[in-house]
file structure.tsv (TSV, C-alpha atoms)
chain	number	residue	atom	x	y	z
A	180	MET	CA	133.27	-144.19	-112.05
A	181	ALA	CA	131.91	-145.32	-108.68
A	182	ALA	CA	132.27	-149.05	-107.95
A	183	SER	CA	128.49	-149.51	-107.71
A	184	ALA	CA	127.66	-147.88	-111.07
A	185	LEU	CA	126.53	-150.16	-113.95
A	186	THR	CA	127.03	-149.57	-117.62
A	187	PRO	CA	123.90	-149.65	-119.81
A	188	PHE	CA	125.07	-152.98	-121.25
A	189	ALA	CA	125.64	-154.50	-117.80
A	190	LEU	CA	122.23	-153.28	-116.59
A	191	CYS	CA	120.44	-154.86	-119.56
A	192	SER	CA	122.35	-158.10	-119.07
A	193	SER	CA	121.34	-158.25	-115.40
A	194	LEU	CA	117.66	-157.67	-116.21
A	195	ALA	CA	117.70	-160.33	-118.91
A	196	ALA	CA	119.25	-162.86	-116.56
A	197	LEU	CA	116.58	-162.11	-113.97
A	198	LEU	CA	113.69	-162.45	-116.44
A	199	LEU	CA	114.97	-165.59	-118.11
A	200	ALA	CA	115.96	-167.51	-114.97
A	201	PRO	CA	113.58	-170.45	-114.10
A	202	VAL	CA	111.30	-169.65	-111.19
A	203	ALA	CA	111.52	-172.17	-108.32
A	204	PRO	CA	108.13	-173.50	-107.20
A	205	SER	CA	106.93	-172.17	-103.86
A	206	VAL	CA	107.21	-174.50	-100.91
A	207	ALA	CA	103.40	-174.53	-100.50
A	208	HIS	CA	102.87	-176.00	-103.99
A	209	ALA	CA	106.03	-178.02	-104.47
A	210	ALA	CA	104.76	-181.30	-103.00
A	211	ALA	CA	102.28	-183.40	-104.94
A	212	PRO	CA	99.14	-184.56	-103.10
A	213	THR	CA	99.77	-187.62	-101.00
A	214	GLU	CA	98.00	-190.66	-102.39
A	215	PRO	CA	96.51	-193.21	-99.98
A	216	THR	CA	98.80	-196.18	-99.58
A	217	ALA	CA	98.30	-199.69	-98.31
A	218	ALA	CA	100.07	-198.62	-95.12
A	219	THR	CA	97.74	-195.68	-94.47
A	220	ASP	CA	94.66	-197.79	-95.27
A	221	ALA	CA	95.89	-200.46	-92.86
A	222	ALA	CA	96.46	-197.84	-90.16
A	223	THR	CA	92.93	-196.48	-90.68
A	224	ASP	CA	91.45	-199.99	-90.48
A	225	ALA	CA	93.44	-200.70	-87.33
A	226	ALA	CA	92.17	-197.51	-85.68
A	227	THR	CA	88.59	-198.40	-86.64
A	228	ASP	CA	88.98	-201.95	-85.32
A	229	ALA	CA	90.30	-200.67	-81.99
A	230	ALA	CA	87.56	-198.09	-81.42
A	231	PRO	CA	84.30	-199.00	-79.63
A	232	VAL	CA	81.48	-199.81	-82.05
A	233	GLY	CA	78.77	-197.20	-81.56
A	234	PHE	CA	75.02	-197.74	-81.04
A	235	VAL	CA	72.04	-195.51	-80.36
A	236	VAL	CA	68.72	-196.68	-78.90
A	237	VAL	CA	65.57	-194.61	-79.42
A	238	ARG	CA	62.34	-195.76	-77.80
A	239	GLU	CA	59.98	-192.87	-78.17
A	240	ASN	CA	57.49	-192.49	-75.33
A	241	GLY	CA	59.28	-195.24	-73.43
A	242	SER	CA	58.36	-195.62	-69.80
A	243	GLY	CA	60.52	-196.43	-66.82
A	244	SER	CA	63.90	-195.13	-65.73
A	245	ALA	CA	66.29	-194.04	-68.47
A	246	SER	CA	69.27	-194.84	-66.22
A	247	ALA	CA	67.96	-198.37	-65.61
A	248	ALA	CA	67.38	-198.89	-69.34
A	249	GLN	CA	70.91	-197.65	-70.05
A	250	SER	CA	72.45	-200.15	-67.65
A	251	TYR	CA	70.55	-203.03	-69.26
A	252	LEU	CA	71.59	-201.91	-72.73
A	253	ASP	CA	75.24	-201.61	-71.70
A	254	THR	CA	75.05	-205.35	-70.99
A	255	VAL	CA	73.52	-205.94	-74.43
A	256	PHE	CA	76.31	-203.93	-76.09
A	257	ALA	CA	78.95	-205.95	-74.24
A	258	SER	CA	77.32	-209.17	-75.41
A	259	VAL	CA	77.15	-207.92	-79.02
A	260	ALA	CA	80.84	-206.94	-78.95
A	261	LYS	CA	81.84	-210.36	-77.62
A	262	ARG	CA	79.79	-212.21	-80.23
A	263	ASN	CA	81.25	-210.17	-83.10
A	264	GLY	CA	84.84	-210.14	-81.91
A	265	TRP	CA	84.88	-206.38	-81.36
A	266	PRO	CA	87.05	-204.94	-78.57
A	267	SER	CA	84.01	-203.13	-77.17
A	268	ALA	CA	80.68	-201.54	-78.05
A	269	GLU	CA	78.91	-198.59	-76.49
A	270	GLY	CA	75.77	-196.54	-76.98
A	271	LYS	CA	73.14	-194.34	-75.43
A	272	TYR	CA	69.40	-194.61	-74.76
A	273	PHE	CA	66.86	-191.90	-75.60
A	274	THR	CA	63.10	-191.50	-75.36
A	275	LYS	CA	63.07	-188.34	-77.53
A	276	ARG	CA	64.11	-188.26	-81.17
A	277	SER	CA	65.31	-184.65	-80.93
A	278	LYS	CA	67.88	-185.51	-78.27
A	279	ALA	CA	68.96	-188.64	-80.13
A	280	LYS	CA	69.65	-186.63	-83.30
A	281	ALA	CA	72.16	-184.41	-81.49
A	282	TYR	CA	73.94	-187.49	-80.12
A	283	VAL	CA	74.03	-189.13	-83.56
A	284	GLU	CA	75.59	-186.04	-85.13
A	285	GLU	CA	78.32	-185.99	-82.50
A	286	ALA	CA	79.00	-189.69	-81.85
A	287	LYS	CA	78.30	-191.05	-85.37
A	288	PRO	CA	77.21	-194.54	-84.26
A	289	SER	CA	77.28	-197.50	-86.62
A	290	PHE	CA	74.00	-199.11	-85.50
A	291	GLY	CA	70.67	-198.32	-83.88
A	292	PHE	CA	67.70	-199.90	-82.18
A	293	LEU	CA	64.85	-197.56	-83.08
A	294	SER	CA	61.11	-197.38	-82.56
A	295	PHE	CA	59.35	-197.38	-85.92
A	296	GLY	CA	58.47	-193.69	-85.96
A	297	ALA	CA	62.06	-192.76	-85.12
A	298	TYR	CA	63.31	-195.01	-87.92
A	299	LEU	CA	61.04	-193.36	-90.48
A	300	GLY	CA	61.84	-189.86	-89.24
A	301	MET	CA	65.63	-190.33	-89.17
A	302	ARG	CA	66.02	-192.64	-92.18
A	303	LYS	CA	66.86	-190.19	-94.96
A	304	ALA	CA	69.06	-187.84	-92.95
A	305	HIS	CA	71.30	-190.68	-91.77
A	306	ASP	CA	70.96	-193.16	-94.65
A	307	LEU	CA	69.51	-195.83	-92.35
A	308	LYS	CA	69.29	-199.40	-93.61
A	309	PRO	CA	67.08	-201.94	-91.81
A	310	ILE	CA	68.91	-205.07	-90.71
A	311	ALA	CA	66.37	-206.75	-88.45
A	312	VAL	CA	63.17	-206.26	-86.50
A	313	ALA	CA	62.71	-207.18	-82.85
A	314	ASP	CA	59.81	-207.50	-80.46
A	315	ALA	CA	60.05	-205.31	-77.41
A	316	GLY	CA	57.92	-206.83	-74.68
A	317	ALA	CA	56.11	-204.10	-72.80
A	318	ALA	CA	58.00	-201.26	-74.49
A	319	GLY	CA	55.04	-200.44	-76.75
A	320	GLY	CA	54.84	-198.98	-80.23
A	321	ALA	CA	53.86	-202.20	-82.01
A	322	GLN	CA	50.15	-201.32	-82.23
A	323	PHE	CA	47.98	-198.30	-81.52
A	324	PHE	CA	44.42	-197.92	-80.20
A	325	ILE	CA	41.80	-195.25	-79.63
A	326	VAL	CA	40.03	-195.81	-76.33
A	327	THR	CA	37.05	-194.10	-74.70
A	328	LYS	CA	34.49	-194.60	-71.97
A	329	GLU	CA	31.72	-192.55	-73.60
A	330	HIS	CA	31.57	-193.72	-77.23
A	331	VAL	CA	31.32	-196.92	-79.24
A	332	THR	CA	32.87	-195.92	-82.59
A	333	ILE	CA	35.86	-193.89	-83.71
A	334	ASP	CA	33.58	-191.55	-85.64
A	335	GLN	CA	31.93	-190.55	-82.37
A	336	CYS	CA	35.36	-189.50	-81.10
A	337	LYS	CA	36.03	-187.22	-84.08
A	338	GLY	CA	35.54	-183.58	-83.28
A	339	LYS	CA	35.97	-184.39	-79.58
A	340	THR	CA	38.99	-184.12	-77.30
A	341	LEU	CA	41.69	-186.74	-77.86
A	342	ALA	CA	44.50	-187.20	-75.32
A	343	SER	CA	47.81	-188.65	-76.50
A	344	ASN	CA	51.50	-188.76	-75.76
A	345	HIS	CA	52.13	-190.04	-79.33
A	346	ALA	CA	51.27	-186.89	-81.27
A	347	ALA	CA	54.73	-185.29	-81.56
A	348	ASP	CA	55.20	-186.74	-85.05
A	349	GLU	CA	51.88	-185.92	-86.69
A	350	ARG	CA	53.04	-187.28	-90.04
A	351	PHE	CA	53.75	-190.70	-88.54
A	352	ILE	CA	50.29	-190.94	-87.00
A	353	ASP	CA	48.39	-189.59	-90.01
A	354	ALA	CA	50.32	-191.35	-92.79
A	355	VAL	CA	51.37	-194.63	-91.18
A	356	VAL	CA	49.54	-195.43	-87.95
A	357	SER	CA	45.98	-194.40	-88.82
A	358	GLY	CA	45.70	-196.27	-92.12
A	359	ASP	CA	43.42	-193.47	-93.41
A	360	ALA	CA	40.96	-194.04	-90.57
A	361	PHE	CA	41.62	-190.56	-89.19
A	362	ASP	CA	44.00	-187.61	-89.00
A	363	LEU	CA	44.98	-185.96	-85.76
A	364	GLY	CA	43.34	-182.83	-87.14
A	365	ASP	CA	39.97	-184.61	-86.83
A	366	PHE	CA	40.17	-184.18	-83.03
A	367	GLN	CA	40.76	-181.53	-80.44
A	368	LEU	CA	44.20	-182.71	-79.35
A	369	VAL	CA	45.09	-182.82	-75.66
A	370	SER	CA	48.86	-183.39	-75.53
A	371	THR	CA	50.16	-185.46	-72.63
A	372	ARG	CA	53.72	-186.33	-71.67
A	373	ARG	CA	53.47	-189.64	-69.82
A	374	PRO	CA	51.76	-192.92	-70.75
A	375	VAL	CA	49.60	-193.20	-67.63
A	376	GLN	CA	48.71	-189.50	-67.79
A	377	THR	CA	47.05	-190.18	-71.17
A	378	ILE	CA	44.86	-192.93	-69.72
A	379	LYS	CA	43.93	-190.86	-66.68
A	380	ALA	CA	42.93	-187.94	-68.88
A	381	VAL	CA	40.01	-190.01	-70.20
A	382	ILE	CA	39.18	-191.56	-66.83
A	383	ASP	CA	39.07	-188.11	-65.20
A	384	GLY	CA	37.06	-186.52	-68.02
A	385	GLU	CA	39.82	-184.23	-69.28
A	386	ALA	CA	39.44	-185.86	-72.72
A	387	GLU	CA	36.69	-188.00	-74.24
A	388	CYS	CA	39.06	-190.32	-76.14
A	389	ALA	CA	42.75	-191.23	-76.17
A	390	LEU	CA	45.29	-192.53	-78.67
A	391	ILE	CA	47.48	-195.07	-76.87
A	392	ASP	CA	49.80	-197.94	-77.78
A	393	ASP	CA	49.89	-201.63	-76.88
A	394	SER	CA	51.89	-201.16	-73.67
A	395	GLN	CA	49.38	-198.58	-72.44
A	396	LEU	CA	46.50	-200.90	-73.31
A	397	MET	CA	48.06	-203.61	-71.14
A	398	ALA	CA	48.66	-201.12	-68.32
A	399	MET	CA	45.12	-199.73	-68.52
A	400	ALA	CA	43.60	-202.47	-66.39
A	401	LYS	CA	46.03	-201.68	-63.58
A	402	VAL	CA	45.06	-198.00	-63.45
A	403	GLU	CA	42.17	-197.15	-61.16
A	404	GLY	CA	39.13	-196.62	-63.38
A	405	GLY	CA	40.88	-198.14	-66.39
A	406	ALA	CA	38.33	-200.92	-66.65
A	407	MET	CA	35.79	-198.31	-67.80
A	408	LEU	CA	37.75	-197.67	-71.01
A	409	ARG	CA	37.38	-199.71	-74.20
A	410	PRO	CA	39.08	-199.57	-77.60
A	411	VAL	CA	36.95	-198.39	-80.53
A	412	TRP	CA	39.75	-198.59	-83.11
A	413	SER	CA	43.06	-200.42	-83.52
A	414	SER	CA	45.90	-200.10	-86.02
A	415	VAL	CA	47.64	-202.87	-87.90
A	416	GLU	CA	50.65	-204.29	-86.11
A	417	LEU	CA	53.85	-202.35	-86.73
A	418	PRO	CA	57.51	-203.11	-86.04
A	419	ALA	CA	58.29	-202.52	-82.38
A	420	VAL	CA	62.05	-202.07	-82.78
A	421	VAL	CA	63.94	-201.74	-86.08
A	422	VAL	CA	67.62	-202.67	-85.93
A	423	VAL	CA	69.48	-200.47	-88.43
A	424	SER	CA	72.90	-199.61	-89.74
A	425	PHE	CA	73.91	-195.99	-90.33
A	426	GLY	CA	75.23	-194.87	-93.69
A	427	GLY	CA	78.68	-194.16	-92.26
A	428	ALA	CA	79.10	-197.59	-90.66
A	429	PRO	CA	82.19	-199.50	-91.86
A	430	ALA	CA	81.20	-202.32	-94.21
A	431	LYS	CA	83.20	-204.81	-92.15
A	432	GLN	CA	81.14	-204.01	-89.04
A	433	VAL	CA	77.84	-204.16	-90.93
A	434	LYS	CA	78.68	-207.56	-92.40
A	435	ALA	CA	79.65	-208.97	-89.01
A	436	PHE	CA	76.61	-207.62	-87.15
A	437	THR	CA	74.18	-208.67	-89.88
A	438	SER	CA	75.49	-212.23	-89.72
A	439	THR	CA	74.99	-212.49	-85.95
A	440	VAL	CA	71.96	-210.27	-85.23
A	441	GLU	CA	69.49	-213.18	-85.02
A	442	LYS	CA	71.66	-214.71	-82.28
A	443	LEU	CA	71.59	-211.49	-80.26
A	444	CYS	CA	69.33	-212.94	-77.57
A	445	GLU	CA	70.77	-216.45	-77.49
A	446	ASP	CA	73.10	-218.05	-74.93
A	447	ASP	CA	74.84	-215.42	-72.78
A	448	GLY	CA	72.89	-212.68	-74.57
A	449	ARG	CA	69.52	-213.98	-73.35
A	450	ALA	CA	69.67	-212.41	-69.91
A	451	ALA	CA	70.82	-209.09	-71.39
A	452	CYS	CA	67.94	-209.04	-73.90
A	453	ASP	CA	65.41	-209.99	-71.21
A	454	ALA	CA	66.62	-207.13	-69.03
A	455	ALA	CA	66.47	-204.68	-71.94
A	456	GLY	CA	63.05	-205.90	-73.11
A	457	LEU	CA	64.29	-207.13	-76.50
A	458	GLU	CA	62.91	-210.32	-78.02
A	459	SER	CA	63.36	-212.47	-81.12
A	460	PRO	CA	65.41	-210.33	-83.53
A	461	ARG	CA	64.75	-211.43	-87.14
A	462	LYS	CA	66.52	-210.30	-90.29
A	463	VAL	CA	64.52	-208.22	-92.77
A	464	ALA	CA	65.03	-207.33	-96.41
A	465	ALA	CA	66.37	-203.89	-97.31
A	466	ASP	CA	62.96	-202.95	-98.76
A	467	ALA	CA	60.91	-204.45	-95.91
A	468	TYR	CA	59.30	-201.11	-95.06
A	469	ALA	CA	59.13	-199.56	-98.51
A	470	LYS	CA	55.34	-199.03	-98.28
A	471	GLN	CA	55.52	-197.20	-94.94
A	472	GLN	CA	58.56	-195.22	-96.09
A	473	ALA	CA	56.69	-194.03	-99.18
A	474	ALA	CA	53.65	-193.08	-97.08
A	475	TYR	CA	55.79	-191.20	-94.56
A	476	GLY	CA	57.88	-189.45	-97.20
A	477	GLY	CA	60.40	-186.88	-96.05

call {"tool": "encode", "arguments": {"input": "structure.tsv", "output": "structure tokens"}}
result
Amino acid sequence: MAASALTPFALCSSLAALLLAPVAPSVAHAAAPTEPTAATDAATDAATDAAPVGFVVVRENGSGSASAAQSYLDTVFASVAKRNGWPSAEGKYFTKRSKAKAYVEEAKPSFGFLSFGAYLGMRKAHDLKPIAVADAGAAGGAQFFIVTKEHVTIDQCKGKTLASNHAADERFIDAVVSGDAFDLGDFQLVSTRRPVQTIKAVIDGEAECALIDDSQLMAMAKVEGGAMLRPVWSSVELPAVVVVSFGGAPAKQVKAFTSTVEKLCEDDGRAACDAAGLESPRKVAADAYAKQQAAYGG
């Protein structure tokens, strides 16, 4: 018999041994999932503590140079980091919500300084929580007006042309700003891009009325022909800047910033706030804007 030949008994024995032998687990499934340990948690905390704390600033329809505003805010961020014992803080300034959203998705900041419309529009998507409210000097957005040189009541403006650089978020104007006095659909909207352009549209007869904010109302007297315009309607006062935390912000950072936010513009932070146009930050309750949030929806 050839050396390689197997007897029927030997063949059966070999097959039985093969079938009954324990199967070794594959390398891919052999290791149990790694559980977080105190060491890994500490390493994560250390990495978080060493990273710059992120901010985003959104002042919709803001005027002036974005680069100048950014330099002022960089000083504010440095002051905030020093006050809270953070190694550093950084952020970016935007005048358009759409551009800010892309930055937020990429940078995942912990905190924001937002105009009220931006806060309402971004709140649900980013789990925003109000921490404080701040005045904003000439930045605008704290109150809105309808002005005209031809009419004496808001009803006389309805059905006519209405210039505005605040109409991008129609829901904000209709549900929050107007207080049921009007909807943008009541007018023939003339969209403008710059604050002074809105005022000039009425002065030059391109529109019969205009929806402007408090900073534009103050600037109106300085525009040639602006003295001819008068307000025929005004909104209630709204928050100028809402200071918020983002849903992904580490609890340790939120606790620290919340405890110091009212001191933001004190001592060495005063000059930075003055340059950035921020004034008098005041803490607010978590449900401070529940009424406006319900009206805005989304």

call {"tool": "closest_residue", "arguments": {"input": "structure.tsv", "among": "A:Lys442, A:Lys261, A:Lys271, A:Lys303", "to": "A:Ala245", "atoms": "only C-alpha atoms"}}
result
A:Lys271

call {"tool": "closest_residue", "arguments": {"input": "structure.tsv", "among": "A:Ala321, A:Ala347, A:Val259, A:Ala230", "to": "A:Cys452", "atoms": "all atoms listed in the file"}}
result
A:Val259

call {"tool": "residues_around", "arguments": {"input": "structure.tsv", "residues": "A:Ala474", "least_positions_apart": "6", "cutoff": "12 Å", "atoms": "only C-alpha atoms", "output": "VMD selection string"}}
result
chain A and resid 299 to 300 350 to 359 468

call {"tool": "closest_residue", "arguments": {"input": "structure.tsv", "among": "A:Ala346, A:Leu252, A:Ala454, A:Val375", "to": "A:Ala400", "atoms": "all atoms listed in the file"}}
result
A:Val375

call {"tool": "closest_residue", "arguments": {"input": "structure.tsv", "among": "A:Arg302, A:Gln395, A:Asp334, A:Thr437", "to": "A:Ala469", "atoms": "only C-alpha atoms"}}
result
A:Arg302

call {"tool": "build_atoms", "arguments": {"input": "structure.tsv", "residues": "stretch 319-341 of chain A", "atoms": "N, CA and C atoms", "output": "mmCIF file, in the coordinates of the input"}}
result
data_model
loop_
_atom_site.group_PDB
_atom_site.id
_atom_site.type_symbol
_atom_site.label_atom_id
_atom_site.label_comp_id
_atom_site.auth_asym_id
_atom_site.auth_seq_id
_atom_site.Cartn_x
_atom_site.Cartn_y
_atom_site.Cartn_z
ATOM 1 N N GLY A 319 56.066 -201.141 -75.988
ATOM 2 C CA GLY A 319 55.040 -200.440 -76.750
ATOM 3 C C GLY A 319 55.493 -200.057 -78.137
ATOM 4 N N GLY A 320 54.541 -199.457 -78.889
ATOM 5 C CA GLY A 320 54.840 -198.980 -80.230
ATOM 6 C C GLY A 320 54.564 -199.977 -81.329
ATOM 7 N N ALA A 321 54.119 -201.194 -80.984
ATOM 8 C CA ALA A 321 53.860 -202.200 -82.010
ATOM 9 C C ALA A 321 52.426 -202.120 -82.546
ATOM 10 N N GLN A 322 51.534 -201.485 -81.778
ATOM 11 C CA GLN A 322 50.150 -201.320 -82.230
ATOM 12 C C GLN A 322 49.536 -200.147 -81.461
ATOM 13 N N PHE A 323 48.598 -199.474 -82.135
ATOM 14 C CA PHE A 323 47.980 -198.300 -81.520
ATOM 15 C C PHE A 323 46.466 -198.477 -81.454
ATOM 16 N N PHE A 324 45.857 -197.788 -80.461
ATOM 17 C CA PHE A 324 44.420 -197.920 -80.200
ATOM 18 C C PHE A 324 43.843 -196.553 -79.847
ATOM 19 N N ILE A 325 42.564 -196.376 -80.164
ATOM 20 C CA ILE A 325 41.800 -195.250 -79.630
ATOM 21 C C ILE A 325 40.814 -195.823 -78.623
ATOM 22 N N VAL A 326 40.896 -195.313 -77.402
ATOM 23 C CA VAL A 326 40.030 -195.810 -76.330
ATOM 24 C C VAL A 326 39.144 -194.687 -75.814
ATOM 25 N N THR A 327 38.017 -195.080 -75.221
ATOM 26 C CA THR A 327 37.050 -194.100 -74.700
ATOM 27 C C THR A 327 36.150 -194.795 -73.688
ATOM 28 N N LYS A 328 35.503 -194.018 -72.860
ATOM 29 C CA LYS A 328 34.490 -194.600 -71.970
ATOM 30 C C LYS A 328 33.093 -194.110 -72.328
ATOM 31 N N GLU A 329 33.011 -193.156 -73.274
ATOM 32 C CA GLU A 329 31.720 -192.550 -73.600
ATOM 33 C C GLU A 329 31.148 -193.028 -74.930
ATOM 34 N N HIS A 330 32.015 -193.462 -75.860
ATOM 35 C CA HIS A 330 31.570 -193.720 -77.230
ATOM 36 C C HIS A 330 31.781 -195.174 -77.618
ATOM 37 N N VAL A 331 31.207 -195.534 -78.784
ATOM 38 C CA VAL A 331 31.320 -196.920 -79.240
ATOM 39 C C VAL A 331 31.960 -197.028 -80.618
ATOM 40 N N THR A 332 32.195 -195.908 -81.291
ATOM 41 C CA THR A 332 32.870 -195.920 -82.590
ATOM 42 C C THR A 332 33.894 -194.796 -82.645
ATOM 43 N N ILE A 333 34.851 -194.934 -83.541
ATOM 44 C CA ILE A 333 35.860 -193.890 -83.710
ATOM 45 C C ILE A 333 35.240 -192.611 -84.256
ATOM 46 N N ASP A 334 34.218 -192.748 -85.084
ATOM 47 C CA ASP A 334 33.580 -191.550 -85.640
ATOM 48 C C ASP A 334 32.949 -190.689 -84.560
ATOM 49 N N GLN A 335 32.501 -191.320 -83.479
ATOM 50 C CA GLN A 335 31.930 -190.550 -82.370
ATOM 51 C C GLN A 335 33.001 -189.790 -81.599
ATOM 52 N N CYS A 336 34.263 -190.219 -81.739
ATOM 53 C CA CYS A 336 35.360 -189.500 -81.100
ATOM 54 C C CYS A 336 35.815 -188.287 -81.918
ATOM 55 N N LYS A 337 35.574 -188.318 -83.225
ATOM 56 C CA LYS A 337 36.030 -187.220 -84.080
ATOM 57 C C LYS A 337 35.314 -185.922 -83.723
ATOM 58 N N GLY A 338 36.077 -184.867 -83.696
ATOM 59 C CA GLY A 338 35.540 -183.580 -83.280
ATOM 60 C C GLY A 338 35.604 -183.378 -81.775
ATOM 61 N N LYS A 339 35.881 -184.454 -81.045
ATOM 62 C CA LYS A 339 35.970 -184.390 -79.580
ATOM 63 C C LYS A 339 37.433 -184.300 -79.143
ATOM 64 N N THR A 340 37.630 -184.186 -77.844
ATOM 65 C CA THR A 340 38.990 -184.120 -77.300
ATOM 66 C C THR A 340 39.642 -185.503 -77.351
ATOM 67 N N LEU A 341 40.906 -185.514 -77.755
ATOM 68 C CA LEU A 341 41.690 -186.740 -77.860
ATOM 69 C C LEU A 341 43.020 -186.539 -77.139
#
